[in-house]
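Pasted below: input03.txt, compact mmCIF, C-alpha atoms.
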# COMPACT_ATOMS: atom_id res chain seq x y z
CA MET A 1 25.17 7.64 16.31
CA VAL A 2 23.12 4.66 17.53
CA THR A 3 23.89 1.27 15.99
CA LEU A 4 20.69 0.13 14.32
CA SER A 5 19.53 -3.46 14.52
CA GLY A 6 17.27 -3.17 11.48
CA THR A 7 14.24 -4.14 13.56
CA GLU A 8 13.40 -0.61 14.67
CA GLY A 9 9.92 0.54 13.81
CA ASP A 10 9.42 3.68 11.75
CA GLY A 11 8.46 5.58 14.91
CA GLU A 12 11.80 4.77 16.54
CA LEU A 13 13.70 5.67 13.38
CA TYR A 14 11.83 8.97 13.16
CA LYS A 15 12.75 9.85 16.74
CA LEU A 16 16.40 8.97 16.11
CA ALA A 17 16.27 11.01 12.91
CA VAL A 18 14.93 14.00 14.86
CA SER A 19 17.89 13.68 17.22
CA GLY A 20 20.20 14.02 14.20
CA ASP A 21 21.00 10.34 13.62
CA ARG A 22 21.98 10.14 9.94
CA GLY A 23 21.97 6.33 9.99
CA ALA A 24 18.31 6.31 11.05
CA VAL A 25 17.46 8.66 8.19
CA GLN A 26 19.28 6.43 5.73
CA GLU A 27 17.41 3.39 7.08
CA LEU A 28 14.11 5.21 6.45
CA VAL A 29 15.23 6.01 2.90
CA GLU A 30 16.35 2.43 2.23
CA ARG A 31 13.12 1.09 3.67
CA HIS A 32 10.62 3.31 1.87
CA HIS A 33 12.16 4.86 -1.24
CA GLY A 34 11.31 1.89 -3.48
CA ASP A 35 7.69 1.66 -2.32
CA LEU A 36 7.26 5.44 -2.59
CA LEU A 37 8.36 5.26 -6.23
CA LEU A 38 5.97 2.37 -6.84
CA TYR A 39 3.11 4.24 -5.21
CA VAL A 40 3.54 7.47 -7.17
CA ARG A 41 4.12 5.42 -10.33
CA ALA A 42 0.72 3.81 -9.70
CA LYS A 43 -0.81 7.27 -9.88
CA THR A 44 1.03 8.61 -12.90
CA SER A 45 3.29 7.36 -15.63
CA VAL A 46 4.45 10.79 -16.74
CA HIS A 47 8.17 10.61 -17.28
CA GLY A 48 10.23 12.40 -14.65
CA VAL A 49 7.29 13.35 -12.45
CA VAL A 50 7.55 10.24 -10.25
CA GLU A 51 11.21 10.65 -9.35
CA ASP A 52 10.84 14.40 -8.82
CA ALA A 53 7.80 13.99 -6.56
CA VAL A 54 9.52 11.37 -4.42
CA ALA A 55 12.74 13.39 -4.22
CA GLU A 56 10.69 16.41 -3.10
CA ALA A 57 8.98 14.31 -0.41
CA TRP A 58 12.35 13.34 1.04
CA LEU A 59 13.62 16.91 0.95
CA GLN A 60 10.49 18.06 2.77
CA LEU A 61 11.05 15.38 5.41
CA PHE A 62 14.64 16.56 5.88
CA ARG A 63 13.52 20.20 6.21
CA HIS A 64 10.88 19.03 8.67
CA LEU A 65 13.55 17.19 10.72
CA ARG A 66 15.62 20.34 10.85
CA ARG A 67 12.66 22.42 12.03
CA VAL A 68 11.80 19.84 14.68
CA ALA A 69 15.40 19.81 15.93
CA GLU A 70 14.99 23.53 16.64
CA ASP A 71 11.40 23.33 17.85
CA PRO A 72 10.34 19.87 19.15
CA SER A 73 6.67 20.98 19.32
CA LYS A 74 6.59 20.66 15.50
CA ALA A 75 7.28 16.91 15.62
CA LEU A 76 4.78 14.44 14.13
CA LYS A 77 2.12 13.60 16.67
CA LYS A 78 2.35 9.97 15.57
CA PRO A 79 6.02 9.26 14.80
CA GLU A 80 5.14 5.80 13.43
CA SER A 81 3.09 7.46 10.67
CA VAL A 82 6.15 9.00 9.03
CA ARG A 83 5.63 6.73 6.00
CA PHE A 84 2.05 7.96 5.59
CA TRP A 85 3.41 11.52 5.82
CA LEU A 86 5.89 10.75 3.03
CA TYR A 87 3.21 9.23 0.78
CA ARG A 88 0.94 12.22 1.23
CA THR A 89 3.78 14.68 0.67
CA ALA A 90 4.85 12.87 -2.51
CA VAL A 91 1.32 13.01 -3.90
CA ASN A 92 1.05 16.71 -3.07
CA ALA A 93 4.39 17.28 -4.82
CA MET A 94 3.12 15.34 -7.84
CA ASN A 95 -0.08 17.42 -7.95
CA ASP A 96 1.97 20.62 -7.65
CA GLN A 97 3.98 19.57 -10.68
CA PHE A 98 0.83 18.97 -12.70
CA ARG A 99 -0.63 22.28 -11.59
CA THR A 100 2.44 24.17 -12.71
CA SER A 101 3.15 22.24 -15.89
CA SER A 102 -0.38 22.43 -17.39
CA ARG A 103 -3.09 19.90 -18.01
CA GLN A 104 -1.16 18.32 -20.83
CA SER A 105 0.71 16.14 -18.35
CA ASP A 106 -2.53 14.67 -17.13
CA LEU A 107 -3.54 14.07 -20.69
CA ALA A 108 -0.17 12.52 -21.49
CA ASP A 109 -0.73 10.18 -18.57
CA ARG A 110 -4.12 9.09 -19.87
CA VAL A 111 -2.77 8.64 -23.37
CA THR A 112 0.02 6.40 -22.09
CA VAL A 113 -2.34 4.24 -20.09
CA GLU A 114 -4.83 4.04 -22.92
CA ALA A 115 -2.17 3.17 -25.50
CA ARG A 116 -0.84 0.47 -23.22
CA ALA A 117 -4.34 -0.94 -22.70
CA ARG A 118 -4.98 -1.14 -26.43
CA GLY A 119 -1.67 -2.74 -27.20
CA GLU A 120 -2.04 -5.65 -24.78
CA THR A 121 -3.93 -8.87 -25.26
CA ALA A 122 -5.84 -10.25 -22.34
CA PHE A 123 -5.35 -13.87 -21.36
CA GLU A 124 -8.01 -16.53 -21.79
CA PRO A 125 -9.07 -18.22 -18.52
CA ASP A 126 -7.35 -21.49 -19.42
CA GLU A 127 -4.15 -19.73 -20.26
CA LEU A 128 -4.34 -17.83 -17.01
CA GLU A 129 -4.48 -20.96 -14.93
CA GLY A 130 -1.44 -22.35 -16.66
CA LEU A 131 0.72 -19.27 -16.06
CA HIS A 132 3.67 -19.82 -13.79
CA GLY A 133 5.95 -17.68 -11.68
CA GLN A 134 7.64 -14.92 -13.58
CA GLU A 135 5.17 -15.05 -16.47
CA ARG A 136 2.20 -14.78 -14.16
CA ARG A 137 3.63 -11.86 -12.24
CA SER A 138 4.55 -10.08 -15.43
CA ALA A 139 0.96 -10.51 -16.65
CA LEU A 140 -0.29 -9.17 -13.32
CA ARG A 141 1.87 -6.07 -13.57
CA GLU A 142 0.60 -5.40 -17.07
CA ALA A 143 -3.01 -5.88 -15.98
CA PHE A 144 -2.39 -3.59 -12.99
CA GLY A 145 -1.18 -0.88 -15.38
CA ARG A 146 -4.50 -1.00 -17.22
CA LEU A 147 -6.62 -0.36 -14.11
CA SER A 148 -8.16 3.01 -13.31
CA GLU A 149 -5.96 5.39 -11.33
CA SER A 150 -8.11 5.01 -8.22
CA CYS A 151 -7.76 1.21 -8.32
CA ARG A 152 -4.03 1.40 -8.97
CA GLU A 153 -3.64 3.76 -6.03
CA LEU A 154 -5.65 1.62 -3.64
CA LEU A 155 -3.94 -1.62 -4.64
CA ALA A 156 -0.51 0.04 -4.47
CA LEU A 157 -1.21 1.06 -0.88
CA LEU A 158 -2.54 -2.40 -0.02
CA THR A 159 0.50 -4.08 -1.54
CA ALA A 160 3.11 -1.77 0.03
CA ASP A 161 5.47 -3.64 2.30
CA PRO A 162 4.04 -3.70 4.92
CA PRO A 163 0.59 -2.40 3.81
CA LEU A 164 -0.50 0.95 5.20
CA SER A 165 -3.29 0.92 7.76
CA TYR A 166 -6.87 1.26 6.52
CA ALA A 167 -7.15 4.60 8.33
CA GLU A 168 -4.05 5.91 6.54
CA ILE A 169 -5.22 4.56 3.18
CA ALA A 170 -8.66 6.12 3.63
CA GLU A 171 -7.06 9.51 4.19
CA LEU A 172 -4.72 9.17 1.22
CA VAL A 173 -7.42 8.10 -1.24
CA GLY A 174 -10.02 10.46 0.24
CA ARG A 175 -12.69 7.83 0.94
CA PRO A 176 -14.30 6.64 4.16
CA VAL A 177 -12.69 3.59 5.78
CA GLY A 178 -15.93 1.64 5.38
CA SER A 179 -15.79 1.93 1.59
CA LEU A 180 -12.31 0.43 1.29
CA GLY A 181 -13.38 -3.22 1.59
CA PRO A 182 -15.94 -3.05 -1.23
CA THR A 183 -13.58 -0.94 -3.37
CA ARG A 184 -10.78 -3.43 -2.83
CA GLN A 185 -13.09 -6.19 -4.00
CA ARG A 186 -14.19 -4.19 -7.04
CA CYS A 187 -10.60 -3.35 -8.00
CA LEU A 188 -9.46 -6.95 -7.69
CA GLU A 189 -12.39 -7.95 -9.86
CA ALA A 190 -11.27 -5.37 -12.41
CA LEU A 191 -7.77 -6.82 -12.19
CA ARG A 192 -9.12 -10.27 -12.96
CA ARG A 193 -11.01 -8.85 -15.91
CA GLN A 194 -7.84 -7.21 -17.19
CA MET A 195 -6.08 -10.54 -16.83
CA GLY A 196 -8.83 -12.04 -18.93
CA ALA A 197 -10.08 -14.31 -16.18
CA ALA A 198 -13.57 -12.91 -16.09
CA THR A 199 -14.14 -12.75 -19.83
CA MET B 1 -0.58 -21.45 -3.14
CA SER B 2 -1.78 -23.87 -5.78
CA ASP B 3 -1.36 -22.72 -9.36
CA ALA B 4 -4.93 -23.74 -10.15
CA ARG B 5 -7.36 -20.88 -9.64
CA TRP B 6 -4.72 -18.87 -7.79
CA TYR B 7 -6.48 -15.70 -8.90
CA GLU B 8 -9.88 -16.50 -7.44
CA GLY B 9 -9.33 -15.62 -3.79
CA ASP B 10 -8.96 -11.89 -3.14
CA ASP B 11 -6.22 -12.39 -0.56
CA GLN B 12 -4.25 -14.70 -2.84
CA LEU B 13 -4.56 -12.36 -5.78
CA LEU B 14 -3.50 -9.40 -3.66
CA GLU B 15 -0.51 -11.34 -2.31
CA GLU B 16 0.50 -12.34 -5.83
CA LEU B 17 0.19 -8.71 -6.90
CA ARG B 18 2.33 -7.64 -3.95
CA VAL B 19 5.10 -10.03 -5.03
CA ALA B 20 4.73 -9.01 -8.68
CA ARG B 21 4.94 -5.31 -7.88
CA GLY B 22 7.84 -5.93 -5.51
CA GLU B 23 9.80 -7.25 -8.48
CA ASP B 24 9.32 -3.86 -10.10
CA ARG B 25 10.70 -2.02 -7.10
CA SER B 26 13.66 0.19 -7.96
CA GLY B 27 15.60 3.02 -6.47
CA GLU B 28 18.16 1.11 -4.39
CA ASP B 29 20.84 2.96 -6.32
CA GLN B 30 19.23 6.31 -5.47
CA VAL B 31 19.65 6.08 -1.70
CA GLU B 32 23.01 7.88 -1.73
CA LEU B 33 21.57 10.59 -3.94
CA VAL B 34 18.65 11.13 -1.56
CA MET B 35 21.11 11.31 1.35
CA VAL B 36 23.07 14.08 -0.40
CA GLY B 37 19.86 16.09 -0.10
CA TYR B 38 19.81 15.31 3.62
CA ASP B 39 23.39 16.47 4.06
CA ILE B 40 22.69 19.72 2.25
CA VAL B 41 19.54 20.49 4.23
CA MET B 42 21.23 19.63 7.53
CA ALA B 43 24.40 21.58 6.87
CA ASP B 44 22.61 24.62 8.28
CA THR B 45 24.72 26.78 6.08
CA VAL B 46 24.37 30.51 5.62
CA GLU B 47 24.81 31.49 2.00
CA ALA B 48 27.29 34.32 1.74
CA ALA B 49 26.54 36.95 -0.88
CA LEU B 50 28.91 37.60 -3.75
CA VAL B 51 30.11 41.17 -3.35
CA HIS B 52 32.97 41.17 -5.84
CA ASP B 53 33.98 39.07 -8.84
CA SER B 54 36.80 40.34 -11.03
CA ALA B 55 35.42 38.32 -13.96
CA VAL B 56 32.19 40.34 -13.80
CA ASP B 57 34.11 43.59 -13.43
CA ALA B 58 36.21 42.63 -16.43
CA MET B 59 33.09 42.23 -18.53
CA ALA B 60 31.97 45.63 -17.29
CA GLY B 61 35.30 47.11 -18.37
CA VAL B 62 36.80 47.51 -14.89
CA ARG B 63 40.53 46.75 -14.88
CA SER B 64 41.83 43.94 -12.75
CA ASP B 65 44.80 44.56 -10.46
CA GLU B 66 46.45 41.28 -11.32
CA ALA B 67 46.21 40.01 -14.86
CA GLY B 68 45.34 36.29 -15.14
CA ALA B 69 43.81 35.89 -11.69
CA ARG B 70 40.12 35.88 -10.87
CA MET B 71 39.34 37.42 -7.50
CA LEU B 72 36.11 36.86 -5.62
CA THR B 73 34.72 38.10 -2.34
CA PHE B 74 31.71 36.65 -0.53
CA ALA B 75 30.25 38.25 2.57
CA ALA B 76 27.83 37.09 5.25
CA GLU B 77 27.02 38.78 8.53
CA GLY B 78 30.30 39.19 10.38
CA VAL B 79 32.57 37.26 8.00
CA GLU B 80 34.08 37.62 4.54
CA ILE B 81 35.63 34.93 2.37
CA GLU B 82 38.00 36.41 -0.15
CA PHE B 83 40.02 34.35 -2.59
CA GLU B 84 41.60 34.27 -5.98
CA LEU B 85 41.88 31.57 -8.58
CA VAL B 86 45.33 31.47 -9.98
CA GLY B 87 47.30 28.73 -11.70
CA GLY B 88 44.91 25.95 -10.64
CA ARG B 89 45.07 27.06 -7.00
CA ILE B 90 42.68 28.83 -4.67
CA VAL B 91 44.47 31.31 -2.44
CA GLY B 92 42.38 33.22 0.03
CA HIS B 93 41.70 34.42 3.51
CA ILE B 94 38.92 34.63 6.04
CA ASP B 95 38.19 38.02 7.52
CA PRO B 96 38.26 38.38 10.48
CA PRO B 97 40.74 35.59 11.20
CA GLY B 98 39.70 33.04 13.83
CA ASP B 99 39.36 29.36 14.61
CA GLY B 100 37.74 27.25 11.97
CA VAL B 101 38.09 25.09 8.88
CA VAL B 102 37.57 25.86 5.20
CA HIS B 103 35.98 23.08 3.15
CA LEU B 104 36.42 22.92 -0.61
CA GLU B 105 33.31 21.13 -1.91
CA GLN B 106 33.03 19.69 -5.41
CA PRO B 107 29.96 17.72 -6.56
CA THR B 108 30.74 14.33 -8.09
CA SER B 109 28.49 11.52 -9.29
CA THR B 110 29.00 9.72 -5.97
CA GLY B 111 28.36 12.72 -3.73
CA PRO B 112 30.24 15.86 -2.77
CA ALA B 113 34.05 15.56 -2.61
CA VAL B 114 35.37 17.61 0.28
CA THR B 115 38.92 18.82 0.94
CA ASP B 116 39.78 20.74 4.11
CA ALA B 117 42.23 23.52 4.89
CA THR B 118 42.86 25.22 8.23
CA PRO B 119 43.44 28.97 7.91
CA ASP B 120 46.57 30.32 9.60
CA GLU B 121 46.50 32.98 12.31
CA LEU B 122 46.01 35.66 9.66
CA GLY B 123 43.08 33.75 8.19
CA ALA B 124 45.01 32.68 5.04
CA PHE B 125 44.28 29.36 3.35
CA GLU B 126 45.15 27.64 0.10
CA PHE B 127 43.88 24.73 -1.99
CA ALA B 128 45.16 23.05 -5.10
CA LEU B 129 42.14 22.69 -7.36
CA ARG B 130 42.76 19.49 -9.26
CA LEU B 131 39.49 19.11 -11.12
CA PRO B 132 38.15 21.74 -13.47
CA THR B 133 34.64 21.46 -11.99
CA THR B 134 32.12 23.51 -10.13
CA PHE B 135 33.05 24.12 -6.51
CA ARG B 136 32.22 26.17 -3.47
CA LEU B 137 34.01 27.06 -0.26
CA ARG B 138 32.39 26.58 3.12
CA PHE B 139 33.90 28.04 6.27
CA VAL B 140 32.89 26.51 9.59
CA ASP B 141 34.00 28.68 12.51
CA GLY B 142 34.96 27.51 15.99
CA ALA B 143 31.35 27.79 17.16
CA GLY B 144 30.13 25.52 14.35
CA ARG B 145 28.59 28.31 12.32
CA SER B 146 28.82 27.52 8.63
CA VAL B 147 29.06 30.07 5.82
CA ALA B 148 29.23 29.01 2.18
CA THR B 149 30.07 30.83 -1.00
CA GLY B 150 27.85 30.31 -4.01
CA TRP B 151 28.80 27.64 -6.54
CA ILE B 152 31.55 28.77 -8.85
CA ASP B 153 32.15 27.33 -12.29
CA GLY B 154 35.59 25.95 -12.94
CA PRO B 155 39.03 27.07 -11.86
CA HIS B 156 39.57 28.76 -15.18
CA GLU B 157 41.37 32.01 -14.83
CA THR B 158 39.96 35.06 -16.42
CA SER B 159 42.14 36.00 -19.33
CA ARG B 160 41.78 39.24 -21.14
Kindly transcribe the structure held in the file into structure tokens.
Amino acid sequence: MVTLSGTEGDGELYKLAVSGDRGAVQELVERHHGDLLLYVRAKTSVHGVVEDAVAEAWLQLFRHLRRVAEDPSKALKKPESVRFWLYRTAVNAMNDQFRTSSRQSDLADRVTVEARARGETAFEPDELEGLHGQERRSALREAFGRLSESCRELLALLTADPPLSYAEIAELVGRPVGSLGPTRQRCLEALRRQMGAAT
Amino acid sequence: MSDARWYEGDDQLLEELRVARGEDRSGEDQVELVMVGYDIVMADTVEAALVHDSAVDAMAGVRSDEAGARMLTFAAEGVEIEFELVGGRIVGHIDPPGDGVVHLEQPTSTGPAVTDATPDELGAFEFALRLPTTFRLRFVDGAGRSVATGWIDGPHETSR
């Protein structure tokens, strides 16, 4: 097993993982598991679905690694895009769960978001300016939760650490790259509104 | 970033959101759990089929040869794992005998606990089963081929 320095890019880790390096796989999990949960949670708040979808994405990656070990021609064409692959796989797993567990889950999701939106009080502009640190970030998270799913998804991808590329984001959200800038602006405006800044 | 009007610039707002969402990040404690999935997928294990279980036969009214012991046989292509559960022990043999190691695997909250036994020249092996939990046996032969039994509930002997 190679000793990792922690500075390896995802592409390097993927190649090491393909060669059977368990440490490289664990580094990928440590690096991306938290953001994957945050991303899927931005798309749905249905209890249990988020964790299951992310767990399924990892299992599919592991099965993929095993297949590639036997047949290298099945490897990702762009090893550095393994994170994008995980995000897409997690979303597909989430959609599969909704497909098999009826439309009620979708409805439950909307009800949760709606209930949360009604229960919260937006901040007045003056109050907003005076918010500090923890308080401000807590208000931001609450406002984020009241955005539409498409805005939550886009902003989740833009705030992943590090952010995904615009090309990868465009493919995940199913919009042309050129529309991302204006959508980003519109979603941030909506976020301000939810914070009460634009009222 | 100044506190005043921190939310007006798109980049500042996005950066603040990134930090805020980062505080909500979780799952550090799930890394080991995810890696258990990796270990299972990578084990490249052939599942042996259950071909005999004295507990099932007992329910069907078939008499057991040895009262108090539960006997099981699992078979995969070219190898059989036969064992009995008796008095908190697993006593069994691999057929045909050959080089290899038998792993006793028991899931725990921190990952699978594994105990090893090397079969003798006749293929015989033995484990003391300390915990009354689910377990399976996995035989890895000299060539690295791995054959596992299904998961078996508890070391409880079949009493009739």
Go ahead and fit an axis-aligned box to every listed atom of segment 185-193 of chain A plus 8 Å each side, and pass me the centre and edge lengths in Å, one decimal, as AutoDock Vina command-line options.
--center_x -11.0 --center_y -6.8 --center_z -10.0 --size_x 22.4 --size_y 22.9 --size_z 27.9
Give me, as a list in words, the contact residues of chain A against chain B at a cut-off of 6 Å, counting only C-alpha atoms. Gly34, Phe62, Glu129, Arg137 and Thr159 of chain A
So, counting only C-alpha atoms, which residue among A:Leu65, A:Val50, A:Arg184, A:Ala55 is closest to Val29 of chain A?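 Among the listed residues, the smallest separation from Val29 of chain A belongs to A:Ala55.
Between atom CA of Gly68 of chain B and atom CA of Ala55 of chain B the separation is 10.2 Å.
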Skip Arg31 of chain A itself and residues of its chain fewer than 6 positions away, then list as a PyMOL selection string all residues within 10 Å of it, counting all atoms listed in the file. (chain A and resi 6+10+25+83+161) or (chain B and resi 28+31)
Counting only C-alpha atoms, what is within 9 Å of segment 47-51 of chain B, bar same-chain residues fewer than 2 positions away, as a PyMOL selection string? chain B and resi 45+53+72-77+79-81+146-150
Keeping only C-alpha atoms, take the residues you just selected and write them out as a PDB file, in the frame of the given file.
ATOM      1  CA  THR B  45      24.720  26.780   6.080  1.00  0.00           C
ATOM      2  CA  ASP B  53      33.980  39.070  -8.840  1.00  0.00           C
ATOM      3  CA  LEU B  72      36.110  36.860  -5.620  1.00  0.00           C
ATOM      4  CA  THR B  73      34.720  38.100  -2.340  1.00  0.00           C
ATOM      5  CA  PHE B  74      31.710  36.650  -0.530  1.00  0.00           C
ATOM      6  CA  ALA B  75      30.250  38.250   2.570  1.00  0.00           C
ATOM      7  CA  ALA B  76      27.830  37.090   5.250  1.00  0.00           C
ATOM      8  CA  GLU B  77      27.020  38.780   8.530  1.00  0.00           C
ATOM      9  CA  VAL B  79      32.570  37.260   8.000  1.00  0.00           C
ATOM     10  CA  GLU B  80      34.080  37.620   4.540  1.00  0.00           C
ATOM     11  CA  ILE B  81      35.630  34.930   2.370  1.00  0.00           C
ATOM     12  CA  SER B 146      28.820  27.520   8.630  1.00  0.00           C
ATOM     13  CA  VAL B 147      29.060  30.070   5.820  1.00  0.00           C
ATOM     14  CA  ALA B 148      29.230  29.010   2.180  1.00  0.00           C
ATOM     15  CA  THR B 149      30.070  30.830  -1.000  1.00  0.00           C
ATOM     16  CA  GLY B 150      27.850  30.310  -4.010  1.00  0.00           C
TER      17      GLY B 150
END
Please indicate the distance in Å from atom CA of Val56 of chain B to atom CA of Ile94 of chain B, rounded to one decimal place.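 Going from atom CA of Val56 of chain B over to atom CA of Ile94 of chain B, I get 21.7 Å.
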One-decimal distance in Å that lies between atom CA of Tyr87 of chain A and atom CA of Leu38 of chain A: 10.6 Å
In the coordinate frame of the file, compute which residues have an atom within 6 Å of (38.6, 26.2, -0.8) when using all atoms listed in the file, and state them as a PyMOL selection string. chain B and resi 103-104+127+137
Nearest to Thr89 of chain A by atom-to-atom distance, counting all atoms listed in the file, from A:Ala17, A:Arg41, A:Leu172, A:Glu27: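 Looking only at the distances to Thr89 of chain A, the closest residue turns out to be A:Leu172.
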Quick one: segment 40-52 of chain A from the block, N, CA and C atoms, as a tab-separated table (two decimals), in the first residue's frame.
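Result went into decode_15.tsv, see below:
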chain	number	residue	atom	x	y	z
A	40	VAL	N	-26.98	15.51	-1.27
A	40	VAL	CA	-28.26	14.79	-1.40
A	40	VAL	C	-29.28	15.39	-0.44
A	41	ARG	N	-28.82	15.84	0.72
A	41	ARG	CA	-29.72	16.47	1.69
A	41	ARG	C	-30.28	17.79	1.13
A	42	ALA	N	-29.53	18.42	0.21
A	42	ALA	CA	-30.04	19.65	-0.41
A	42	ALA	C	-31.19	19.32	-1.37
A	43	LYS	N	-31.22	18.08	-1.83
A	43	LYS	CA	-32.25	17.69	-2.79
A	43	LYS	C	-33.47	17.08	-2.12
A	44	THR	N	-33.28	16.46	-0.97
A	44	THR	CA	-34.42	15.87	-0.29
A	44	THR	C	-34.18	15.88	1.21
A	45	SER	N	-35.27	15.98	1.95
A	45	SER	CA	-35.12	15.90	3.40
A	45	SER	C	-35.84	14.66	3.93
A	46	VAL	N	-36.18	13.76	3.02
A	46	VAL	CA	-36.89	12.56	3.47
A	46	VAL	C	-35.96	11.69	4.31
A	47	HIS	N	-36.43	11.40	5.50
A	47	HIS	CA	-35.64	10.66	6.46
A	47	HIS	C	-35.16	9.31	5.91
A	48	GLY	N	-33.89	9.06	6.04
A	48	GLY	CA	-33.35	7.76	5.64
A	48	GLY	C	-32.91	7.69	4.19
A	49	VAL	N	-33.55	8.49	3.33
A	49	VAL	CA	-33.24	8.41	1.90
A	49	VAL	C	-31.81	8.90	1.64
A	50	VAL	N	-31.41	9.97	2.32
A	50	VAL	CA	-30.10	10.58	2.07
A	50	VAL	C	-28.99	9.58	2.36
A	51	GLU	N	-29.01	9.02	3.56
A	51	GLU	CA	-27.95	8.09	3.95
A	51	GLU	C	-27.93	6.85	3.04
A	52	ASP	N	-29.13	6.36	2.70
A	52	ASP	CA	-29.19	5.17	1.85
A	52	ASP	C	-28.64	5.46	0.45
